[in-house]
>>> print(open('input-v2.cif').read())   # mmCIF, C-alpha atoms and all ligand atoms
data_entry
#
loop_
_atom_site.group_PDB
_atom_site.id
_atom_site.type_symbol
_atom_site.label_atom_id
_atom_site.label_comp_id
_atom_site.auth_asym_id
_atom_site.auth_seq_id
_atom_site.Cartn_x
_atom_site.Cartn_y
_atom_site.Cartn_z
ATOM 1 C CA MET A 42 0.000 0.000 0.000
ATOM 2 C CA ILE A 43 1.320 3.468 -0.879
ATOM 3 C CA ARG A 44 0.757 5.845 2.059
ATOM 4 C CA LYS A 45 3.298 8.597 1.432
ATOM 5 C CA VAL A 46 4.018 11.009 -1.395
ATOM 6 C CA VAL A 47 7.110 13.161 -1.839
ATOM 7 C CA ILE A 48 6.536 16.426 -3.696
ATOM 8 C CA PRO A 49 9.802 18.132 -4.695
ATOM 9 C CA ALA A 50 9.167 21.883 -4.758
ATOM 10 C CA ALA A 51 12.591 23.377 -4.091
ATOM 11 C CA GLY A 52 13.577 24.142 -7.696
ATOM 12 C CA LEU A 53 14.282 27.672 -8.853
ATOM 13 C CA GLY A 54 11.674 27.753 -11.631
ATOM 14 C CA THR A 55 13.928 29.664 -14.030
ATOM 15 C CA ARG A 56 11.826 28.803 -17.086
ATOM 16 C CA PHE A 57 8.950 30.846 -15.708
ATOM 17 C CA LEU A 58 10.774 34.018 -14.696
ATOM 18 C CA PRO A 59 9.926 36.776 -13.905
ATOM 19 C CA ALA A 60 6.632 35.309 -12.538
ATOM 20 C CA THR A 61 8.620 33.030 -10.216
ATOM 21 C CA LYS A 62 11.074 35.632 -8.908
ATOM 22 C CA ALA A 63 9.184 36.212 -5.648
ATOM 23 C CA ILE A 64 6.426 33.569 -5.900
ATOM 24 C CA PRO A 65 7.155 29.830 -5.842
ATOM 25 C CA LYS A 66 6.349 28.170 -9.190
ATOM 26 C CA GLU A 67 4.242 25.684 -7.219
ATOM 27 C CA MET A 68 1.891 28.496 -6.128
ATOM 28 C CA LEU A 69 0.987 29.452 -9.709
ATOM 29 C CA PRO A 70 -2.697 28.620 -10.151
ATOM 30 C CA ILE A 71 -4.793 26.452 -12.389
ATOM 31 C CA VAL A 72 -7.761 28.813 -12.578
ATOM 32 C CA ASP A 73 -7.936 29.492 -8.793
ATOM 33 C CA VAL A 74 -6.170 26.482 -7.253
ATOM 34 C CA PRO A 75 -2.366 26.513 -6.789
ATOM 35 C CA LEU A 76 -0.426 23.700 -8.466
ATOM 36 C CA ILE A 77 0.785 22.352 -5.142
ATOM 37 C CA GLN A 78 -2.816 21.855 -3.971
ATOM 38 C CA VAL A 79 -3.781 20.205 -7.274
ATOM 39 C CA VAL A 80 -1.081 17.536 -6.821
ATOM 40 C CA VAL A 81 -1.759 17.061 -3.087
ATOM 41 C CA GLU A 82 -5.434 16.449 -3.955
ATOM 42 C CA GLU A 83 -4.388 13.935 -6.642
ATOM 43 C CA ALA A 84 -2.368 12.034 -4.017
ATOM 44 C CA VAL A 85 -5.177 12.172 -1.435
ATOM 45 C CA ALA A 86 -7.608 10.842 -4.078
ATOM 46 C CA CYS A 87 -5.266 7.822 -4.362
ATOM 47 C CA GLY A 88 -5.551 7.018 -0.630
ATOM 48 C CA ILE A 89 -2.284 8.726 0.394
ATOM 49 C CA ASP A 90 -2.407 10.439 3.786
ATOM 50 C CA GLN A 91 1.135 11.711 4.366
ATOM 51 C CA VAL A 92 2.590 14.392 2.110
ATOM 52 C CA VAL A 93 6.287 15.285 2.261
ATOM 53 C CA ILE A 94 6.979 18.584 0.501
ATOM 54 C CA ILE A 95 10.616 19.402 -0.250
ATOM 55 C CA THR A 96 11.035 23.160 -0.043
ATOM 56 C CA GLY A 97 13.779 25.741 -0.023
ATOM 57 C CA ARG A 98 14.387 29.454 0.309
ATOM 58 C CA GLY A 99 11.498 31.694 -0.711
ATOM 59 C CA LYS A 100 8.935 28.894 -0.547
ATOM 60 C CA ASP A 101 7.145 29.873 2.698
ATOM 61 C CA ALA A 102 3.899 30.504 0.827
ATOM 62 C CA ILE A 103 3.628 26.730 0.282
ATOM 63 C CA ALA A 104 3.663 26.053 4.034
ATOM 64 C CA ASP A 105 1.190 28.899 4.658
ATOM 65 C CA HIS A 106 -1.184 27.466 2.065
ATOM 66 C CA PHE A 107 -1.664 24.254 4.061
ATOM 67 C CA ASP A 108 -1.787 26.026 7.419
ATOM 68 C CA ILE A 109 -4.895 27.199 9.263
ATOM 69 C CA SER A 110 -5.391 30.954 8.884
ATOM 70 C CA PHE A 111 -7.473 31.993 11.918
ATOM 71 C CA GLU A 112 -7.517 35.712 11.050
ATOM 72 C CA LEU A 113 -8.724 35.112 7.483
ATOM 73 C CA GLU A 114 -11.309 32.560 8.638
ATOM 74 C CA GLU A 115 -12.607 34.970 11.265
ATOM 75 C CA VAL A 116 -13.011 37.803 8.765
ATOM 76 C CA LEU A 117 -14.767 35.497 6.291
ATOM 77 C CA ALA A 118 -17.067 34.123 9.018
ATOM 78 C CA ARG A 119 -18.025 37.663 10.081
ATOM 79 C CA ARG A 120 -18.944 38.392 6.462
ATOM 80 C CA GLY A 121 -21.107 35.271 6.339
ATOM 81 C CA LYS A 122 -18.842 33.465 3.835
ATOM 82 C CA ASP A 123 -19.213 30.082 5.502
ATOM 83 C CA ASP A 124 -18.582 28.103 2.287
ATOM 84 C CA LEU A 125 -15.164 29.743 1.922
ATOM 85 C CA VAL A 126 -14.338 29.091 5.596
ATOM 86 C CA ARG A 127 -15.200 25.393 5.102
ATOM 87 C CA GLU A 128 -13.107 25.219 1.920
ATOM 88 C CA LEU A 129 -10.058 26.785 3.642
ATOM 89 C CA ARG A 130 -10.425 24.311 6.543
ATOM 90 C CA ARG A 131 -10.684 21.411 4.081
ATOM 91 C CA ILE A 132 -7.405 22.454 2.420
ATOM 92 C CA ALA A 133 -5.659 22.758 5.801
ATOM 93 C CA THR A 134 -6.758 19.259 6.820
ATOM 94 C CA LEU A 135 -6.379 17.408 3.493
ATOM 95 C CA ALA A 136 -3.481 15.293 4.733
ATOM 96 C CA GLU A 137 -0.592 15.335 7.178
ATOM 97 C CA VAL A 138 1.887 17.702 5.524
ATOM 98 C CA VAL A 139 5.568 17.416 6.450
ATOM 99 C CA LEU A 140 7.971 20.043 5.153
ATOM 100 C CA VAL A 141 11.638 19.200 4.568
ATOM 101 C CA ARG A 142 14.159 21.860 3.540
ATOM 102 C CA GLN A 143 16.549 20.949 0.741
ATOM 103 C CA GLY A 144 19.029 23.701 1.610
ATOM 104 C CA GLU A 145 20.699 23.789 -1.775
ATOM 105 C CA ALA A 146 18.943 22.911 -5.048
ATOM 106 C CA LYS A 147 21.253 20.046 -6.016
ATOM 107 C CA GLY A 148 18.817 18.339 -8.356
ATOM 108 C CA LEU A 149 15.678 16.203 -8.297
ATOM 109 C CA GLY A 150 17.540 13.113 -7.033
ATOM 110 C CA HIS A 151 18.865 15.110 -4.094
ATOM 111 C CA ALA A 152 15.375 16.490 -3.369
ATOM 112 C CA VAL A 153 13.993 12.930 -3.141
ATOM 113 C CA LEU A 154 16.952 11.859 -0.991
ATOM 114 C CA CYS A 155 16.063 14.638 1.495
ATOM 115 C CA ALA A 156 12.795 12.733 2.205
ATOM 116 C CA HIS A 157 14.567 9.512 3.239
ATOM 117 C CA ARG A 158 14.098 9.854 6.992
ATOM 118 C CA VAL A 159 10.427 10.761 6.741
ATOM 119 C CA VAL A 160 9.635 8.064 4.163
ATOM 120 C CA GLY A 161 11.595 5.314 5.945
ATOM 121 C CA ASP A 162 11.605 1.790 4.567
ATOM 122 C CA GLU A 163 8.465 1.563 2.462
ATOM 123 C CA PRO A 164 7.523 2.123 -1.191
ATOM 124 C CA PHE A 165 6.331 5.680 -1.820
ATOM 125 C CA ALA A 166 5.064 8.005 -4.531
ATOM 126 C CA VAL A 167 6.806 11.041 -6.041
ATOM 127 C CA VAL A 168 4.758 13.704 -7.818
ATOM 128 C CA LEU A 169 6.175 16.773 -9.553
ATOM 129 C CA PRO A 170 3.880 19.792 -9.483
ATOM 130 C CA ASP A 171 5.348 20.766 -12.885
ATOM 131 C CA ASP A 172 3.293 18.063 -14.543
ATOM 132 C CA ILE A 173 -0.470 18.302 -14.272
ATOM 133 C CA VAL A 174 -2.473 15.458 -15.785
ATOM 134 C CA ASP A 175 -6.112 15.710 -16.782
ATOM 135 C CA ALA A 176 -7.342 12.110 -16.503
ATOM 136 C CA GLU A 177 -10.476 10.148 -15.638
ATOM 137 C CA THR A 178 -8.476 7.951 -13.242
ATOM 138 C CA PRO A 179 -5.734 10.045 -11.566
ATOM 139 C CA CYS A 180 -2.370 9.367 -13.240
ATOM 140 C CA LEU A 181 -0.870 8.434 -9.859
ATOM 141 C CA LYS A 182 -3.652 5.877 -9.238
ATOM 142 C CA GLN A 183 -2.851 4.246 -12.595
ATOM 143 C CA LEU A 184 0.779 3.810 -11.435
ATOM 144 C CA ILE A 185 -0.269 2.531 -7.992
ATOM 145 C CA ASP A 186 -2.486 -0.116 -9.631
ATOM 146 C CA LEU A 187 0.468 -1.360 -11.720
ATOM 147 C CA HIS A 188 2.729 -1.349 -8.645
ATOM 148 C CA GLU A 189 0.166 -3.391 -6.715
ATOM 149 C CA SER A 190 -0.153 -5.999 -9.459
ATOM 150 C CA HIS A 191 3.539 -6.201 -10.542
ATOM 151 C CA GLY A 192 5.600 -4.868 -7.584
ATOM 152 C CA GLY A 193 8.739 -2.729 -7.952
ATOM 153 C CA GLY A 194 8.971 0.870 -9.093
ATOM 154 C CA VAL A 195 6.792 2.476 -11.779
ATOM 155 C CA VAL A 196 7.347 5.621 -13.861
ATOM 156 C CA ALA A 197 4.706 7.429 -15.924
ATOM 157 C CA LEU A 198 5.639 7.474 -19.615
ATOM 158 C CA GLU A 199 4.488 9.631 -22.512
ATOM 159 C CA LYS A 200 5.292 9.150 -26.227
ATOM 160 C CA MET A 201 7.205 12.213 -27.429
ATOM 161 C CA PRO A 202 8.057 13.552 -30.862
ATOM 162 C CA ARG A 203 11.744 12.937 -31.681
ATOM 163 C CA GLU A 204 12.845 16.554 -31.418
ATOM 164 C CA ARG A 205 11.733 16.723 -27.766
ATOM 165 C CA LEU A 206 13.403 13.504 -26.558
ATOM 166 C CA SER A 207 16.584 15.293 -25.515
ATOM 167 C CA SER A 208 14.654 17.324 -22.903
ATOM 168 C CA TYR A 209 13.464 14.290 -20.906
ATOM 169 C CA GLY A 210 14.553 11.092 -19.191
ATOM 170 C CA ILE A 211 13.941 8.331 -21.756
ATOM 171 C CA ALA A 212 12.990 4.704 -21.080
ATOM 172 C CA ASP A 213 14.879 1.690 -22.403
ATOM 173 C CA VAL A 214 12.254 -1.041 -22.785
ATOM 174 C CA ALA A 215 13.097 -4.718 -22.172
ATOM 175 C CA SER A 216 9.632 -6.122 -22.878
ATOM 176 C CA SER A 217 6.000 -5.027 -23.072
ATOM 177 C CA PRO A 218 3.831 -7.746 -21.524
ATOM 178 C CA ALA A 219 0.580 -5.754 -21.854
ATOM 179 C CA PRO A 220 -0.583 -2.723 -23.833
ATOM 180 C CA ARG A 221 1.082 0.464 -22.482
ATOM 181 C CA THR A 222 2.922 -1.588 -19.821
ATOM 182 C CA HIS A 223 6.693 -1.864 -20.189
ATOM 183 C CA LYS A 224 9.368 -3.666 -18.202
ATOM 184 C CA LEU A 225 12.404 -1.357 -18.271
ATOM 185 C CA CYS A 226 16.065 -2.314 -18.552
ATOM 186 C CA GLY A 227 17.403 1.239 -18.280
ATOM 187 C CA LEU A 228 16.679 4.962 -18.296
ATOM 188 C CA VAL A 229 18.767 7.730 -19.851
ATOM 189 C CA GLU A 230 18.607 11.402 -18.816
ATOM 190 C CA LYS A 231 18.264 13.858 -21.719
ATOM 191 C CA PRO A 232 20.023 11.770 -24.424
ATOM 192 C CA PRO A 233 20.983 13.220 -27.825
ATOM 193 C CA VAL A 234 18.114 12.308 -30.203
ATOM 194 C CA ASP A 235 20.168 9.709 -32.107
ATOM 195 C CA ARG A 236 21.014 7.903 -28.836
ATOM 196 C CA ALA A 237 17.509 7.857 -27.324
ATOM 197 C CA PRO A 238 16.631 4.198 -26.615
ATOM 198 C CA SER A 239 12.900 4.793 -27.304
ATOM 199 C CA ASP A 240 10.382 7.598 -27.795
ATOM 200 C CA LEU A 241 8.965 7.126 -24.278
ATOM 201 C CA ALA A 242 9.691 10.041 -21.919
ATOM 202 C CA ILE A 243 9.375 9.975 -18.126
ATOM 203 C CA ILE A 244 6.952 12.521 -16.743
ATOM 204 C CA GLY A 245 6.530 13.634 -13.148
ATOM 205 C CA ARG A 246 4.739 10.691 -11.493
ATOM 206 C CA TYR A 247 6.637 7.803 -9.885
ATOM 207 C CA ILE A 248 6.190 4.910 -7.467
ATOM 208 C CA LEU A 249 9.576 4.058 -5.953
ATOM 209 C CA PRO A 250 10.807 1.195 -3.793
ATOM 210 C CA PRO A 251 12.817 2.247 -0.708
ATOM 211 C CA ASP A 252 16.016 0.793 -2.284
ATOM 212 C CA VAL A 253 16.124 3.951 -4.429
ATOM 213 C CA PHE A 254 17.655 5.752 -1.416
ATOM 214 C CA ALA A 255 20.758 3.502 -1.387
ATOM 215 C CA HIS A 256 21.332 4.292 -5.072
ATOM 216 C CA LEU A 257 20.803 8.024 -4.469
ATOM 217 C CA ASP A 258 23.248 7.914 -1.536
ATOM 218 C CA ARG A 259 25.878 6.298 -3.752
ATOM 219 C CA ILE A 260 25.294 8.798 -6.600
ATOM 220 C CA ALA A 261 25.401 11.721 -4.129
ATOM 221 C CA ALA A 262 28.705 10.478 -2.681
ATOM 222 C CA ALA A 263 30.225 10.227 -6.188
ATOM 223 C CA LYS A 264 28.938 13.722 -7.077
ATOM 224 C CA SER A 265 30.179 15.321 -3.852
ATOM 225 C CA GLU A 266 33.651 15.550 -5.404
ATOM 226 C CA SER A 267 32.760 16.477 -8.969
ATOM 227 C CA GLY A 268 29.721 18.664 -8.107
ATOM 228 C CA GLY A 269 26.805 18.713 -10.560
ATOM 229 C CA GLU A 270 23.147 17.754 -10.179
ATOM 230 C CA ILE A 271 22.096 14.524 -8.506
ATOM 231 C CA GLN A 272 19.745 13.038 -11.088
ATOM 232 C CA LEU A 273 16.817 10.864 -10.050
ATOM 233 C CA THR A 274 17.026 9.180 -13.466
ATOM 234 C CA ASP A 275 20.480 7.736 -12.599
ATOM 235 C CA ALA A 276 19.023 5.983 -9.525
ATOM 236 C CA LEU A 277 16.041 4.731 -11.554
ATOM 237 C CA HIS A 278 18.490 3.394 -14.156
ATOM 238 C CA ALA A 279 20.225 1.368 -11.423
ATOM 239 C CA LEU A 280 16.851 -0.025 -10.273
ATOM 240 C CA ALA A 281 15.925 -0.880 -13.878
ATOM 241 C CA LYS A 282 19.209 -2.795 -14.277
ATOM 242 C CA GLU A 283 18.159 -4.856 -11.236
ATOM 243 C CA GLY A 284 14.839 -5.632 -12.967
ATOM 244 C CA LYS A 285 12.836 -3.529 -10.510
ATOM 245 C CA MET A 286 11.336 -0.838 -12.776
ATOM 246 C CA TRP A 287 8.177 -0.658 -14.844
ATOM 247 C CA GLY A 288 6.909 2.081 -17.129
ATOM 248 C CA LEU A 289 3.252 2.850 -17.804
ATOM 249 C CA GLU A 290 1.951 4.906 -20.711
ATOM 250 C CA PHE A 291 -0.781 6.543 -18.618
ATOM 251 C CA LEU A 292 -4.184 7.533 -19.970
ATOM 252 C CA GLY A 293 -4.796 11.283 -19.838
ATOM 253 C CA GLN A 294 -3.483 14.622 -21.062
ATOM 254 C CA ARG A 295 -0.388 16.080 -19.463
ATOM 255 C CA PHE A 296 0.492 19.767 -19.269
ATOM 256 C CA ASP A 297 4.056 20.944 -18.676
ATOM 257 C CA MET A 298 3.480 23.675 -16.101
ATOM 258 C CA GLY A 299 7.138 24.699 -16.240
ATOM 259 C CA THR A 300 6.454 26.500 -19.528
ATOM 260 C CA PRO A 301 4.039 29.330 -20.348
ATOM 261 C CA ALA A 302 2.381 27.280 -23.156
ATOM 262 C CA GLY A 303 1.658 24.322 -20.851
ATOM 263 C CA PHE A 304 0.470 26.653 -18.106
ATOM 264 C CA LEU A 305 -1.957 28.469 -20.405
ATOM 265 C CA GLY A 306 -3.159 25.195 -21.992
ATOM 266 C CA ALA A 307 -3.952 23.698 -18.579
ATOM 267 C CA ASN A 308 -5.718 26.835 -17.405
ATOM 268 C CA LEU A 309 -7.936 26.974 -20.493
ATOM 269 C CA THR A 310 -8.672 23.231 -20.383
ATOM 270 C CA PHE A 311 -9.713 23.275 -16.725
ATOM 271 C CA ALA A 312 -11.561 26.612 -17.039
ATOM 272 C CA MET A 313 -13.693 25.205 -19.876
ATOM 273 C CA LYS A 314 -14.848 22.389 -17.574
ATOM 274 C CA ARG A 315 -16.641 24.956 -15.368
ATOM 275 C CA ALA A 316 -19.934 26.087 -16.878
ATOM 276 C CA PRO A 317 -19.888 29.730 -15.653
ATOM 277 C CA LEU A 318 -16.315 30.233 -16.851
ATOM 278 C CA ARG A 319 -17.013 28.549 -20.169
ATOM 279 C CA ALA A 320 -19.929 30.956 -20.689
ATOM 280 C CA ALA A 321 -17.772 33.963 -19.774
ATOM 281 C CA LEU A 322 -14.881 32.904 -21.991
ATOM 282 C CA ALA A 323 -16.829 31.976 -25.139
ATOM 283 C CA PRO A 324 -17.452 35.576 -26.318
ATOM 284 C CA MET A 325 -13.790 36.450 -25.615
ATOM 285 C CA PHE A 326 -12.626 33.574 -27.835
ATOM 286 C CA GLU A 327 -15.012 34.711 -30.575
ATOM 287 C CA LYS A 328 -13.495 38.206 -30.459
ATOM 288 C CA MET A 329 -9.958 36.811 -30.602
ATOM 289 C CA ALA A 330 -10.818 34.666 -33.645
ATOM 290 C CA LYS A 331 -11.901 37.756 -35.630
HETATM 291 P P1 LIG B 401 12.875 21.317 -12.780
HETATM 292 O O1 LIG B 401 13.846 20.550 -13.542
HETATM 293 O O2 LIG B 401 11.631 21.759 -13.488
HETATM 294 O O3 LIG B 401 13.610 22.583 -12.165
HETATM 295 O O4 LIG B 401 12.520 20.481 -11.488
HETATM 296 P P2 LIG B 401 13.044 23.936 -11.624
HETATM 297 O O5 LIG B 401 14.164 24.616 -10.950
HETATM 298 O O6 LIG B 401 11.807 23.746 -10.800
HETATM 299 O O7 LIG B 401 12.560 24.739 -12.915
HETATM 300 P P3 LIG B 401 13.420 25.374 -14.112
HETATM 301 O O8 LIG B 401 13.864 24.221 -14.969
HETATM 302 O O9 LIG B 401 14.538 26.160 -13.537
HETATM 303 O O10 LIG B 401 12.415 26.249 -14.788
HETATM 304 C C1 LIG B 401 11.560 19.447 -11.477
HETATM 305 C C2 LIG B 401 10.948 19.383 -10.087
HETATM 306 O O11 LIG B 401 11.946 19.078 -9.117
HETATM 307 C C3 LIG B 401 12.005 20.072 -8.125
HETATM 308 C C4 LIG B 401 11.369 21.313 -8.722
HETATM 309 O O12 LIG B 401 10.810 22.127 -7.721
HETATM 310 C C5 LIG B 401 10.312 20.693 -9.639
HETATM 311 O O13 LIG B 401 9.134 20.359 -8.921
HETATM 312 N N1 LIG B 401 13.435 20.262 -7.736
HETATM 313 C C6 LIG B 401 14.372 20.406 -8.702
HETATM 314 C C7 LIG B 401 13.772 20.285 -6.400
HETATM 315 O O14 LIG B 401 12.907 20.154 -5.497
HETATM 316 N N2 LIG B 401 15.081 20.434 -6.053
HETATM 317 C C8 LIG B 401 16.049 20.588 -7.003
HETATM 318 O O15 LIG B 401 17.227 20.709 -6.611
HETATM 319 C C9 LIG B 401 15.688 20.566 -8.343
#
>>> encode(input="input-v2.cif", output="structure tokens", more="lines below")
Ligand code: UTP
Amino acid sequence: MIRKVVIPAAGLGTRFLPATKAIPKEMLPIVDVPLIQVVVEEAVACGIDQVVIITGRGKDAIADHFDISFELEEVLARRGKDDLVRELRRIATLAEVVLVRQGEAKGLGHAVLCAHRVVGDEPFAVVLPDDIVDAETPCLKQLIDLHESHGGGVVALEKMPRERLSSYGIADVASSPAPRTHKLCGLVEKPPVDRAPSDLAIIGRYILPPDVFAHLDRIAAAKSESGGEIQLTDALHALAKEGKMWGLEFLGQRFDMGTPAGFLGANLTFAMKRAPLRAALAPMFEKMAK
């Protein structure tokens, strides 16, 4: 059973500057809900009840978002906005939220390693708030189901056009025992296009066995001399070599929230699912099309 999720949120968000100069990327909204809340709710919908958020300097707004705000609640209650008070309370009690500081942004692998003591010796989920997936069954639940039937670690995979392969971790597939389900024999971080072992890119949803920490420790020790980022993909590669990694081509549409195009696409997609917003936006789209 997967009970814990690690959400790395200590990155600098340079691709979204200047919006992310003073505001954490994870607090950018989809319509009116910050990304960090969207992914926490995805995890909670999968039965997870402990959330470990990896934060760093300038990320206090994330902690405040999951805290109880008595002053705000009191003002809202006095104004008779009981629905809003209930909604704020719901957010503050969604799950047990544990915050761990990364100190220095030494890469995604290092961010996950920072969660070792809180996660302990059990399989756990990792969700990146950069990737938002619109899906009937939450993307993370699809991975958990595969983990429960096959064991080991699972990464979410998406087929990518060739020219984008060098921006992602790419899966090396050993066999595909069922549609969209791949046993992996390796993973390569951002390979040159002609060396990519497949067209299947890792996106930000993972189920990891606790042995990933030993691999991350080893990689971190090797990097402590040379410097450079501690890549999660390198640890996943080691697990794949041991026959412990699966990849799932999930069902759903993913948006890359680290880029303005993905951010706008997600906002429009989710806005159009709400009837009042759809009605308000329709005439604006008509004007734009002229
Ligand atoms: P990214 O590679 O998107 O990095 O990290 P970033 O710094 O957030 O954004 P850019 O590329 O500069 O625009 C993927 C995820 O890993 C987290 C980020 O917060 C993001 O959720 N991360 C990355 C950490 O928590 N620590 C790190 O050292 C690096």
>>> resolve_selection(input="input-v2.cif", expression="the PyMOL selection byres (((chain A and resi 238) around 10) and not hetatm)", output="PyMOL selection string")
chain A and resi 206+211-214+227-229+232+234-237+239-241
>>> residues_near_ligand(input="input-v2.cif", ligand="ligand LIG 401 (chain B)", cutoff="7 Å", atoms="only C-alpha atoms and all ligand atoms", output="CSV table (one decimal) with C-alpha atoms, keeping the file's coordinate frame")
chain,number,residue,atom,x,y,z
A,49,PRO,CA,9.8,18.1,-4.7
A,50,ALA,CA,9.2,21.9,-4.8
A,51,ALA,CA,12.6,23.4,-4.1
A,52,GLY,CA,13.6,24.1,-7.7
A,53,LEU,CA,14.3,27.7,-8.9
A,54,GLY,CA,11.7,27.8,-11.6
A,55,THR,CA,13.9,29.7,-14.0
A,56,ARG,CA,11.8,28.8,-17.1
A,57,PHE,CA,9.0,30.8,-15.7
A,95,ILE,CA,10.6,19.4,-0.2
A,96,THR,CA,11.0,23.2,0.0
A,143,GLN,CA,16.5,20.9,0.7
A,145,GLU,CA,20.7,23.8,-1.8
A,146,ALA,CA,18.9,22.9,-5.0
A,147,LYS,CA,21.3,20.0,-6.0
A,148,GLY,CA,18.8,18.3,-8.4
A,149,LEU,CA,15.7,16.2,-8.3
A,151,HIS,CA,18.9,15.1,-4.1
A,152,ALA,CA,15.4,16.5,-3.4
A,169,LEU,CA,6.2,16.8,-9.6
A,170,PRO,CA,3.9,19.8,-9.5
A,171,ASP,CA,5.3,20.8,-12.9
A,299,GLY,CA,7.1,24.7,-16.2
>>> residues_around(input="input-v2.cif", residues="range 108-115 of chain A", least_positions_apart="5", cutoff="12 Å", atoms="all atoms listed in the file", output="JSON, numbers by chain")
{"A": [101, 102, 103, 120, 121, 122, 123, 124, 125, 126, 127, 128, 129, 130, 131, 132, 133, 134, 135, 136, 137, 138, 139, 140]}
>>> closest_residue(input="input-v2.cif", among="A:Met325, A:Ala166, A:Ile64, A:Val174", to="Phe311 in chain A", atoms="only C-alpha atoms")
A:Val174
>>> resolve_selection(input="input-v2.cif", expression="the PyMOL selection byres (((chain A and resi 272) around 9) and not hetatm)", output="mmCIF file with C-alpha atoms, in the frame of the given file")
data_model
loop_
_atom_site.group_PDB
_atom_site.id
_atom_site.type_symbol
_atom_site.label_atom_id
_atom_site.label_comp_id
_atom_site.auth_asym_id
_atom_site.auth_seq_id
_atom_site.Cartn_x
_atom_site.Cartn_y
_atom_site.Cartn_z
ATOM 1 C CA LYS A 147 21.253 20.046 -6.016
ATOM 2 C CA GLY A 148 18.817 18.339 -8.356
ATOM 3 C CA LEU A 149 15.678 16.203 -8.297
ATOM 4 C CA GLY A 150 17.540 13.113 -7.033
ATOM 5 C CA HIS A 151 18.865 15.110 -4.094
ATOM 6 C CA GLU A 230 18.607 11.402 -18.816
ATOM 7 C CA LEU A 257 20.803 8.024 -4.469
ATOM 8 C CA ILE A 260 25.294 8.798 -6.600
ATOM 9 C CA GLU A 270 23.147 17.754 -10.179
ATOM 10 C CA ILE A 271 22.096 14.524 -8.506
ATOM 11 C CA LEU A 273 16.817 10.864 -10.050
ATOM 12 C CA THR A 274 17.026 9.180 -13.466
ATOM 13 C CA ASP A 275 20.480 7.736 -12.599
ATOM 14 C CA ALA A 276 19.023 5.983 -9.525
#
>>> closest_residue(input="input-v2.cif", among="A:Val92, A:Ala316, A:Phe107, A:Ile248", to="Glu189 in chain A", atoms="only C-alpha atoms")
A:Ile248
>>> closest_residue(input="input-v2.cif", among="A:Ala279, A:Glu266, A:Met201, A:His106", to="Pro75 in chain A", atoms="only C-alpha atoms")
A:His106
>>> closest_residue(input="input-v2.cif", among="A:Leu154, A:Ala312, A:Val116, A:Leu181", to="Gly245 in chain A", atoms="only C-alpha atoms")
A:Leu181
>>> resolve_selection(input="input-v2.cif", expression="the PyMOL selection byres (((chain A and resi 291) around 12) and not hetatm)", output="MDAnalysis selection string")
chainID A and resid 174:187 195:200 220:223 241:247 288:290 292:295
>>> atom_distance(input="input-v2.cif", atom1="CA of Arg44 in chain A", atom2="CA of Cys87 in chain A")
9.0 Å
